[in-house]
>>> print(open('input.txt').read())   # compact mmCIF, C-alpha atoms
# COMPACT_ATOMS: atom_id res chain seq x y z
CA MET J 1 -15.24 -7.63 4.17
CA ARG J 2 -13.49 -4.69 2.56
CA ILE J 3 -9.81 -4.76 3.49
CA GLY J 4 -7.07 -2.34 2.54
CA LEU J 5 -3.58 -3.79 2.14
CA TYR J 6 -0.77 -1.39 2.95
CA GLY J 7 2.66 -2.85 2.35
CA GLY J 8 6.08 -1.54 3.16
CA SER J 9 9.24 -1.86 5.17
CA PHE J 10 7.85 0.17 8.10
CA ASN J 11 11.49 0.95 8.93
CA PRO J 12 10.39 2.54 11.20
CA ALA J 13 6.61 2.74 11.29
CA HIS J 14 5.45 6.29 12.01
CA ALA J 15 2.34 8.43 12.43
CA GLY J 16 2.23 9.01 8.66
CA HIS J 17 1.50 5.29 8.14
CA ARG J 18 -1.36 5.51 10.62
CA HIS J 19 -2.62 8.69 8.90
CA VAL J 20 -2.68 6.95 5.49
CA SER J 21 -4.50 3.96 7.01
CA ARG J 22 -7.14 6.07 8.71
CA THR J 23 -7.63 8.11 5.55
CA ALA J 24 -8.14 4.89 3.58
CA LEU J 25 -10.53 3.45 6.17
CA ARG J 26 -12.69 6.56 6.01
CA ARG J 27 -12.53 7.55 2.34
CA LEU J 28 -12.68 4.01 0.91
CA ALA J 29 -15.29 2.76 3.40
CA LEU J 30 -13.03 -0.12 4.46
CA ASP J 31 -13.63 -2.47 7.37
CA ARG J 32 -9.94 -3.03 8.10
CA VAL J 33 -6.43 -2.20 6.92
CA TRP J 34 -3.67 -4.79 7.08
CA TRP J 35 -0.11 -3.53 7.27
CA LEU J 36 2.05 -6.01 5.34
CA VAL J 37 5.51 -5.53 6.86
CA THR J 38 7.89 -6.80 4.22
CA PRO J 39 11.01 -8.83 5.01
CA GLY J 40 12.82 -6.53 2.56
CA ASN J 41 11.97 -4.41 -0.45
CA PRO J 42 13.88 -5.73 -3.48
CA LEU J 43 14.38 -2.12 -4.65
CA LYS J 44 15.99 -0.94 -1.39
CA ASP J 45 19.24 -1.51 0.49
CA HIS J 46 18.65 -4.22 3.11
CA ARG J 47 21.70 -3.21 5.16
CA LEU J 48 19.65 -0.37 6.66
CA LEU J 49 16.73 -2.64 7.55
CA ALA J 50 15.91 -3.31 11.20
CA PRO J 51 15.08 -6.97 11.97
CA LEU J 52 11.55 -7.97 10.91
CA PRO J 53 10.30 -8.90 14.42
CA GLU J 54 11.45 -5.51 15.70
CA ARG J 55 9.65 -3.65 12.87
CA VAL J 56 6.45 -5.68 13.38
CA ALA J 57 6.43 -5.06 17.15
CA GLN J 58 7.06 -1.34 16.66
CA ALA J 59 4.32 -1.13 14.00
CA ARG J 60 1.81 -2.90 16.26
CA ALA J 61 2.55 -0.48 19.09
CA LEU J 62 2.13 2.50 16.76
CA ALA J 63 -1.00 1.35 14.89
CA ALA J 64 -3.17 1.97 17.96
CA ASP J 65 -6.41 1.31 16.10
CA PRO J 66 -8.39 -1.94 16.33
CA ARG J 67 -9.18 -1.65 12.60
CA ILE J 68 -5.46 -1.82 11.72
CA ALA J 69 -3.82 -5.25 11.83
CA VAL J 70 -0.06 -5.63 11.47
CA THR J 71 1.22 -8.79 9.80
CA ALA J 72 4.42 -10.31 8.45
CA VAL J 73 2.54 -12.55 6.03
CA GLU J 74 5.16 -12.10 3.29
CA ALA J 75 7.83 -13.72 5.43
CA GLY J 76 5.42 -16.51 6.32
CA ILE J 77 4.69 -17.36 2.69
CA GLY J 78 8.21 -16.68 1.42
CA SER J 79 7.18 -13.81 -0.85
CA HIS J 80 9.61 -11.12 -1.94
CA TYR J 81 7.34 -9.31 -4.38
CA THR J 82 4.04 -7.49 -3.88
CA VAL J 83 2.45 -9.18 -6.88
CA ASP J 84 3.10 -12.64 -5.39
CA THR J 85 1.71 -11.62 -2.01
CA LEU J 86 -1.43 -10.10 -3.50
CA ARG J 87 -2.00 -13.12 -5.73
CA TRP J 88 -1.64 -15.41 -2.68
CA LEU J 89 -4.15 -13.37 -0.64
CA VAL J 90 -6.71 -13.15 -3.46
CA GLN J 91 -6.54 -16.92 -4.04
CA ARG J 92 -7.02 -17.71 -0.36
CA ARG J 93 -9.67 -15.09 0.40
CA PRO J 94 -11.85 -14.89 -2.73
CA ALA J 95 -14.83 -13.40 -0.85
CA VAL J 96 -12.81 -10.46 0.51
CA HIS J 97 -12.78 -7.18 -1.40
CA PHE J 98 -9.15 -6.09 -1.20
CA VAL J 99 -7.74 -2.66 -2.08
CA TRP J 100 -3.99 -2.08 -2.44
CA ILE J 101 -3.03 1.18 -0.69
CA MET J 102 0.07 3.10 -1.63
CA GLY J 103 1.51 6.56 -1.20
CA ALA J 104 1.75 8.91 -4.16
CA ASP J 105 5.54 8.71 -3.91
CA SER J 106 5.38 4.98 -4.67
CA LEU J 107 3.19 5.52 -7.72
CA GLY J 108 6.13 7.26 -9.38
CA SER J 109 8.21 4.08 -9.23
CA LEU J 110 5.42 1.52 -9.56
CA HIS J 111 6.45 0.73 -13.14
CA ARG J 112 9.72 -0.68 -11.70
CA TRP J 113 7.89 -3.18 -9.48
CA ARG J 114 7.74 -6.78 -10.66
CA ARG J 115 4.62 -7.21 -12.84
CA PHE J 116 3.12 -3.88 -11.80
CA ASP J 117 0.41 -4.31 -14.42
CA GLU J 118 -0.70 -7.54 -12.73
CA ILE J 119 -0.91 -5.72 -9.37
CA LEU J 120 -3.39 -3.33 -10.94
CA SER J 121 -5.28 -6.26 -12.45
CA LEU J 122 -5.51 -8.20 -9.16
CA MET J 123 -7.32 -5.59 -7.08
CA PRO J 124 -8.30 -1.92 -7.02
CA VAL J 125 -5.58 0.51 -5.95
CA ALA J 126 -5.88 3.64 -3.82
CA VAL J 127 -3.09 6.20 -4.08
CA ILE J 128 -2.85 8.55 -1.10
CA ASP J 129 -1.38 11.99 -1.76
CA ARG J 130 2.07 12.78 -0.32
CA PRO J 131 3.82 16.16 -0.11
CA GLY J 132 5.74 16.87 -3.30
CA HIS J 133 3.82 14.29 -5.37
CA THR J 134 0.39 15.88 -5.83
CA LEU J 135 1.06 16.95 -9.40
CA THR J 136 3.67 14.43 -10.53
CA ALA J 137 2.14 11.13 -9.33
CA PRO J 138 -0.98 11.23 -11.55
CA SER J 139 1.27 11.54 -14.61
CA ALA J 140 3.61 8.70 -13.57
CA ARG J 141 4.22 5.92 -16.09
CA ALA J 142 1.90 3.41 -14.33
CA ALA J 143 -0.82 6.05 -13.92
CA ARG J 144 -0.66 6.86 -17.63
CA ALA J 145 -0.75 3.16 -18.56
CA PHE J 146 -3.96 2.71 -16.54
CA ALA J 147 -5.47 6.16 -17.12
CA ALA J 148 -8.74 4.67 -18.42
CA ALA J 149 -9.16 2.76 -15.12
CA ARG J 150 -8.97 5.85 -12.91
CA VAL J 151 -12.00 6.27 -10.67
CA PRO J 152 -13.03 9.84 -9.79
CA GLU J 153 -12.07 10.75 -6.23
CA ALA J 154 -15.71 11.51 -5.43
CA GLU J 155 -16.46 7.81 -6.04
CA ALA J 156 -13.61 6.49 -3.86
CA SER J 157 -16.00 4.78 -1.45
CA THR J 158 -17.02 2.43 -4.29
CA LEU J 159 -13.44 1.36 -5.10
CA ALA J 160 -13.40 -1.88 -3.07
CA GLY J 161 -16.42 -3.19 -4.96
CA ARG J 162 -15.08 -2.44 -8.43
CA ARG J 163 -13.56 -4.95 -10.80
CA PRO J 164 -9.88 -4.28 -11.42
CA PRO J 165 -8.22 -2.53 -12.95
CA ALA J 166 -9.54 0.44 -11.00
CA TRP J 167 -7.62 3.06 -9.10
CA THR J 168 -8.14 6.43 -7.49
CA PHE J 169 -6.00 9.28 -6.20
CA LEU J 170 -7.03 10.66 -2.80
CA HIS J 171 -6.21 14.25 -1.94
CA GLY J 172 -6.50 15.69 1.54
CA PRO J 173 -4.37 16.31 4.60
CA ARG J 174 -0.90 14.94 3.94
CA SER J 175 1.85 13.72 6.20
CA ASP J 176 5.41 14.69 5.42
CA LEU J 177 6.79 12.00 7.73
CA SER J 178 9.18 9.58 6.07
CA SER J 179 10.89 6.46 7.38
CA THR J 180 14.03 7.42 5.45
CA ALA J 181 14.13 10.86 7.09
CA LEU J 182 13.44 9.38 10.53
CA ARG J 183 16.32 6.91 10.14
CA SER J 184 18.68 9.71 9.13
CA GLY J 185 17.60 11.88 12.06
CA ALA J 186 16.20 14.61 9.78
>>> encode(input="input.txt", output="structure tokens")
Amino acid sequence: MRIGLYGGSFNPAHAGHRHVSRTALRRLALDRVWWLVTPGNPLKDHRLLAPLPERVAQARALAADPRIAVTAVEAGIGSHYTVDTLRWLVQRRPAVHFVWIMGADSLGSLHRWRRFDEILSLMPVAVIDRPGHTLTAPSARAARAFAAARVPEAEASTLAGRRPPAWTFLHGPRSDLSSTALRSGA
């Protein structure tokens, strides 16, 4: 199995999340994408966070694709950090070829994530372009630190089978939807 892992608050989930997932399914030749709805991002204000069961239910209703599974595994295992969740999944599913999926906006702050270098060493990473980040994301601190591990976009379908560290940047149609903007009514 080739499974993409797409983590986030999904506060709220929106069509942009589904767009990223479908792009990853197609371009990375994945069998499934799992949305990992986090109990709370340590880098964000939790006071604005809808209750986890509400976000999971809303994400499931929106996913509308049998290849997309919505899970709250982080709450179930007591994980607060992506690196811990990914390590847990890799240990329990050694035969699965996982790919971490993230938006280009997140690549800019990846160096602030707990043990970001270990994330890139646990599994390949696919960065999906976002409006306003096409030119800046590939020169982000984490991207520069792992520049030698960048896989050409034309070889993206091989990413799941590569030994980490390996990452690629996928260009294409972009969604300008944002959970932050949706919450603020913008």
>>> atom_distance(input="input.txt", atom1="atom CA of Thr85 of chain J", atom2="atom CA of Leu36 of chain J")
9.3 Å
>>> atom_distance(input="input.txt", atom1="atom CA of Leu5 of chain J", atom2="atom CA of Ala126 of chain J")
9.8 Å
>>> atom_distance(input="input.txt", atom1="atom CA of Glu155 of chain J", atom2="atom CA of Leu170 of chain J")
10.4 Å
>>> closest_residue(input="input.txt", among="J:Ile119, J:Leu110, J:Leu28, J:Leu48", to="Ala154 of chain J", atoms="all atoms listed in the file")
J:Leu28
>>> residues_around(input="input.txt", residues="Leu25 of chain J", least_positions_apart="5", cutoff="12 Å", atoms="only C-alpha atoms", output="PyMOL selection string")
chain J and resi 2-6+18-20+30-34+65-68+99+101+126+128+156-157+159-160
>>> residues_around(input="input.txt", residues="Ser79 of chain J", least_positions_apart="5", cutoff="9 Å", atoms="all atoms listed in the file", output="list of chain:residue names")
J:Thr38, J:Pro39, J:Val73, J:Glu74, J:Asp84, J:Thr85
>>> closest_residue(input="input.txt", among="J:Pro131, J:Pro164, J:Gly40, J:Gly7", to="His80 of chain J", atoms="all atoms listed in the file")
J:Gly40
>>> residues_around(input="input.txt", residues="Phe116 of chain J", least_positions_apart="4", cutoff="12 Å", atoms="all atoms listed in the file", output="list in words")
Tyr81, Thr82, Val83, Asp84, Leu86, Trp100, Ser106, Leu107, Gly108, Ser109, Leu110, His111, Arg112, Leu120, Ser121, Leu122, Met123, Val125, Arg141, Ala142, Ala143, Ala145, Phe146 and Pro165 of chain J
